[in-house]
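Reviewing the structure listed below.
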Number of protein chains: 2
Amino acid sequence: MRQAGRYLPEYREIRAKARDFVDFCLTPELAIEATLQPIRRYGFDAAILFADILLVPQAMGQSLAFVEGEGPKLEPVRTREALKALNVEGVAERLQPVMETVKGLKTALPETVALIGFAGAPWTVATYMIEGAGGSDHALIRAMAWSEPSLFGAILDALTEATTAYLIAQVDAGAEALQIFDTWAGSVPAPLFERAVIQPTAAIVKAVKAHAPHVPVIGFPRGAAAHLKAYAARTGVDGVGIDHMTPLGFAAEAVPASTALQGNLDPMLTITGGEVMADEARRLVRAMEGRPYIFNLGHGVTPQTRPEHIAELVAAVRGV
Amino acid sequence: MRQAGRYLPEYREIRAKARDFVDFCLTPELAIEATLQPIRRYGFDAAILFADILLVPQAMGQSLAFVEGEGPKLEPVRTREALKALNVEGVAERLQPVMETVKGLKTALPETVALIGFAGAPWTVATYMIEGAGGSDHALIRAMAWSEPSLFGAILDALTEATTAYLIAQVDAGAEALQIFDTWAGSVPAPLFERAVIQPTAAIVKAVKAHAPHVPVIGFPRGAAAHLKAYAARTGVDGVGIDHMTPLGFAAEAVPASTALQGNLDPMLTITGGEVMADEARRLVRAMEGRPYIFNLGHGVTPQTRPEHIAELVAAVRGV
């Protein structure tokens with residue numbers, strides 16, 4: 001809920017035009033405008049498609065609603081039967097409105113602004129599919145991963161297949177880079193990380209690269225510092241997003257120098273603003289001199305962010 | 001809310017005897033019984049004092065209530081004035097009922113069962129003090145840490161002083177080891193980890209060791225794998241608790257071989273039970289052969305845990 005320009009007054013204005021949040025994401029005219037708003041205001045180097053990671057399970061047939069103040073609610077998938085009732089094939093076709101958004105953005109964006117497509121990583125999307133809601137404990141999916149590894153694996157595989165098709169369709173529609181958000185990678189039990197995060201991500205990256213070798217893929221295994229080395233070494237991603245809790249120096253040691261690092265600024269600094277924020281942004285950029293680095297926050301922009309702080313942040317980064 | 005025997009039917013029986021949860025913790029007769037219940041059932045090698053990390057801010061004068069189904073609610077401390085209104089001195093005296101519990105336990109426990117005292121680490125307790133509630137985002141404390149470092153530091157210092165006195169009083173009452181729970185260490189912005197976690201923990205350990213050099217101190221910086229090396233090197237703790245998300249091999253590399261490791265089993269395994277749980281427990285014990293290791297979960301026992309699974313777990317560990 002924190003992506004793109006959701007903290008902007010002009011976003012809240014167009015948001016009111018859609019019936020609900022899913023409808024908003026699937027109305028190309030509105031999603032294009034939501035993607036463009038922060039670009040117009042701040043002149044970022046790249047735009048990220050306005051969409052939601054839960055569009056994929058919805059396109060697979062899982063019911064999804066965003067309840068005001070409570071976040072997403074889904075009819076949980078916890079049995080082989082519930083999984084079988086879902087439809088993996090044709091997900092990209094059913095998400096055609098997203099592809100229309102991507103195409104529209106390609107026309108609307110200046111040549112110099114890159115367009116980033118994205119999807120949630122299978123583990124993170126599976127937390128919502130299985131738990132039926134947000135949260136940070138993920139007790140049900142962890143219990144299932146241990147006690148029903150075959151069902152758990154089948155859910156991951158279904159999501160891997162659907163997500164691969166969805167991302168490839170974004171590339172075909174015009175996305176120039178892709179990001180895979182594994183927001184909840186930090187809650188995976190350590191012995192299951194390979195199966196839950198690395199395998200599905202590697203499979204998606206491999207398939208995307210086979211289709212479009214030139215498209216860079218950025219992975220974001222949030223909260224999983226202990227696994228960064230393995231993640232960078234074995235998923236095939238070209239860049240790794242770093243959350244605000246992981247020292248950038250630690251990440252630079254864990255990730256090969258040829259792999260880009262991205263992020264790391266605590267999003268809370270965009271609430272406080274001022275010299276503290278500017279100093280911290282400059283420190284990160286300077287620390288990364290000599291290796292590929294994409295300046296970004298350590299997670300999404302928070303709703304309480306004051307728009308003028310983002311302008312100050314851009315100026316600080318550009319001024320280094 | 002997950003400590004000791006809270007998943008046991010006999011616990012729920014005595015819990016009903018107290019007016020509220022704080023009252024329960026501060027009634028020695030009940031807290032002694034709650035501490036002893038799991039020891040009687042399972043014959044653990046050590047007992048951990050039944051108490052709550054929020055007794056310290058309450059003893060400092062902050063209002064505290066546990067709301068059924070919602071967790072703790074506190075009158076937030078967010079200004080210099082609110083901090084000044086608190087009373088750091090005399091915290092250990094006001095927590096005298098806890099010391100009565102410790103004394104009673106020393107008498108009641110068999111000679112062979114070690115008694116572990118504990119407190120919350122200043123950062124973790126400060127998240128509740130400043131946010132006024134639980135949660136995992138910790139937006140307010142992070143914003144304060146960046147924008148009002150002096151107030152933030154003063155709150156940490158007050159908690160460090162109170163916690164030190166509280167832990168020393170536990171040792172004087174008979175605690176044979178201490179644990180410092182930093183449940184939310186994982187949400188600290190990376191550049192502030194030294195100030196928020198390492199400094200306060202090191203100060204507490206130093207003061208405790210000056211008073212009682214023989215008492216081992218275990219620190220638990222949950223979710224902070226990227227900082228384990230610095231934490232082990234600079235806080236002075238004798239042991240480090242490892243959450244379920246961090247591979248034990250990663251922890252073993254980050255922490256000196258003379259420092260004990262503790263924990264790591266995913267608590268969800270105590271819900272599923274069976275051979276998966278037993279195998280995983282045995283794997284951890286065997287992986288730690290040759291270095292000091294305290295078998296434990298990666299966090300508290302969850303309320304849904306089935307008591308017979310804990311018995312199976314003890315048997316599996318003892319059988320290695």
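Going through the structure tokens in order, the chains are called A, B, and so on, while each chain numbers its residues from 1 and the ligands are numbered from 1 in the order shown.
Proximity to chain A at a cut-off of 8 Å picks out Ser136, Ala139, Arg142, Ala143, Trp146, Ser147, Gly186, Ser187, Val188, Pro189, Ala190, Pro191, Gly223, Ala224, Ala225, Ala226, His244, Met245, Thr246, Pro247, Phe250, Asp266, Met268, Leu269, Ile271, Thr272 and Val276 of chain B on chain B, counting only C-alpha atoms.
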Preceding selection exported with C-alpha atoms as an mmCIF file, in the first residue's frame:
data_model
loop_
_atom_site.group_PDB
_atom_site.id
_atom_site.type_symbol
_atom_site.label_atom_id
_atom_site.label_comp_id
_atom_site.auth_asym_id
_atom_site.auth_seq_id
_atom_site.Cartn_x
_atom_site.Cartn_y
_atom_site.Cartn_z
ATOM 1 C CA SER B 136 6.347 -4.590 14.242
ATOM 2 C CA ALA B 139 7.611 3.990 12.842
ATOM 3 C CA ARG B 142 12.501 5.232 14.371
ATOM 4 C CA ALA B 143 11.357 8.745 13.466
ATOM 5 C CA TRP B 146 16.498 10.179 13.698
ATOM 6 C CA SER B 147 14.930 13.538 14.482
ATOM 7 C CA GLY B 186 15.496 -6.314 13.878
ATOM 8 C CA SER B 187 13.692 -3.043 13.251
ATOM 9 C CA VAL B 188 16.525 -0.668 14.223
ATOM 10 C CA PRO B 189 17.768 1.457 11.279
ATOM 11 C CA ALA B 190 21.256 0.130 10.522
ATOM 12 C CA PRO B 191 23.231 3.325 11.314
ATOM 13 C CA GLY B 223 16.060 -10.334 13.708
ATOM 14 C CA ALA B 224 19.461 -8.618 13.686
ATOM 15 C CA ALA B 225 21.620 -11.190 11.871
ATOM 16 C CA ALA B 226 23.600 -8.497 10.041
ATOM 17 C CA HIS B 244 14.491 -19.045 13.683
ATOM 18 C CA MET B 245 15.298 -16.961 10.591
ATOM 19 C CA THR B 246 19.089 -17.042 10.963
ATOM 20 C CA PRO B 247 20.979 -20.152 9.825
ATOM 21 C CA PHE B 250 25.825 -18.149 9.919
ATOM 22 C CA ASP B 266 11.294 -22.513 14.592
ATOM 23 C CA MET B 268 6.032 -23.360 14.633
ATOM 24 C CA LEU B 269 7.515 -26.853 14.823
ATOM 25 C CA ILE B 271 2.608 -26.813 16.662
ATOM 26 C CA THR B 272 3.235 -29.421 13.991
ATOM 27 C CA VAL B 276 9.928 -33.185 11.330
#
* Can you pull out every residue within 10 Å of Ala34 in chain B, counting only C-alpha atoms, but drop anything in the same chain fewer than 4 positions away, and send it as a PyMOL selection string? => chain B and resi 3-6+8+10-12+14-15+24-25+28-30+38-39+48-51
Just the selected residues (C-alpha atoms), exported as a PDB file, in the first residue's frame, please.
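Okay, this is what ended up in selection36.pdb:
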ATOM      1  CA  GLN B   3       6.734 -17.225  27.820  1.00  0.00           C
ATOM      2  CA  ALA B   4       6.971 -20.167  30.193  1.00  0.00           C
ATOM      3  CA  GLY B   5       3.856 -22.276  30.326  1.00  0.00           C
ATOM      4  CA  ARG B   6       1.211 -19.981  28.875  1.00  0.00           C
ATOM      5  CA  LEU B   8      -0.528 -25.140  29.304  1.00  0.00           C
ATOM      6  CA  GLU B  10      -2.749 -25.617  34.227  1.00  0.00           C
ATOM      7  CA  TYR B  11      -1.429 -22.142  33.425  1.00  0.00           C
ATOM      8  CA  ARG B  12      -4.786 -20.953  32.153  1.00  0.00           C
ATOM      9  CA  ILE B  14      -4.117 -20.154  37.681  1.00  0.00           C
ATOM     10  CA  ARG B  15      -4.170 -17.190  35.306  1.00  0.00           C
ATOM     11  CA  PHE B  24      -0.664 -11.881  37.924  1.00  0.00           C
ATOM     12  CA  CYS B  25       3.038 -11.102  37.314  1.00  0.00           C
ATOM     13  CA  PRO B  28       4.623 -14.034  43.856  1.00  0.00           C
ATOM     14  CA  GLU B  29       2.482 -17.074  44.664  1.00  0.00           C
ATOM     15  CA  LEU B  30       1.055 -17.115  41.109  1.00  0.00           C
ATOM     16  CA  PRO B  38       6.623 -26.378  32.776  1.00  0.00           C
ATOM     17  CA  ILE B  39       9.519 -27.606  34.941  1.00  0.00           C
ATOM     18  CA  ILE B  48      12.905 -18.814  33.457  1.00  0.00           C
ATOM     19  CA  LEU B  49      11.290 -16.378  35.826  1.00  0.00           C
ATOM     20  CA  PHE B  50       7.664 -15.642  34.989  1.00  0.00           C
ATOM     21  CA  ALA B  51       7.364 -11.887  34.501  1.00  0.00           C
TER      22      ALA B  51
END
* To do: For range 316-318 of chain B, work out the shell of residues within 7 Å, counting only C-alpha atoms and skipping chain neighbours fewer than 5 positions away, then give it as a PyMOL selection string.
  => chain B and resi 278+281-282
Can I get the selection written as a compact mmCIF listing (two decimals), in the first residue's frame, with C-alpha atoms?
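Written out: part09.txt:
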# COMPACT_ATOMS: atom_id res chain seq x y z
CA ALA B 278 12.42 -34.14 16.22
CA ALA B 281 15.95 -30.46 16.85
CA ARG B 282 18.52 -33.25 16.51
* CA of Ile218 in chain B to CA of Val91 in chain B, straight-line distance in Å ->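 Going from CA of Val91 in chain B over to CA of Ile218 in chain B covers 22.0 Å.
Residues of range 92-145 of chain B that DSSP places in strand (DSSP E or B), based on the backbone of this structure, are Ala114, Leu115, Ile116, Gly117, Phe118, Ala119, Gly120 and Ala133 of chain B.
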* To do: Find the spatial neighbours of Arg94 in chain A, counting only C-alpha atoms, within a cut-off of 9 Å - ignore same-chain residues fewer than 4 positions away - and output them as JSON, numbers by chain.
  => {"A": [59, 60, 90]}
* Show which residues sit within 8 Å of Thr160 in chain A, as a PyMOL selection string. Count only C-alpha atoms, and ignore same-chain residues fewer than 6 positions away. => chain A and resi 121-122+200-201+203-204
* Show which residues sit within 9 Å of Ala207 in chain B, as number ranges by chain. Count only C-alpha atoms, and ignore same-chain residues fewer than 4 positions away. => B: 164-165, 168, 202-203, 211-212
For the residues in the current selection, export C-alpha atoms as a short mmCIF file (atom, residue, chain, number, x, y, z; two decimals), in the first residue's frame.
data_model
loop_
_atom_site.label_atom_id
_atom_site.label_comp_id
_atom_site.auth_asym_id
_atom_site.auth_seq_id
_atom_site.Cartn_x
_atom_site.Cartn_y
_atom_site.Cartn_z
CA THR B 164 20.48 -2.63 35.29
CA ALA B 165 19.09 -2.11 38.80
CA ILE B 168 21.08 -6.81 39.72
CA ALA B 202 27.02 -3.35 26.86
CA ALA B 203 26.33 -0.90 29.72
CA HIS B 211 28.35 -6.67 40.69
CA ALA B 212 28.31 -10.40 39.97
#
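Among the candidate residues A:Ala92, A:Ala230, A:Ala108, A:Val240, the one lying nearest to Val56 in chain A is A:Ala92, with distances computed using only C-alpha atoms.
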* To do: Determine which residues of range 22-155 of chain A DSSP labels as alpha helix (DSSP H) from the backbone of this structure, then write them out as a VMD selection string.
  => chain A and resid 22 to 25 28 to 42 55 to 59 80 to 84 91 to 94 96 to 108 122 to 131 139 to 147 149 to 155
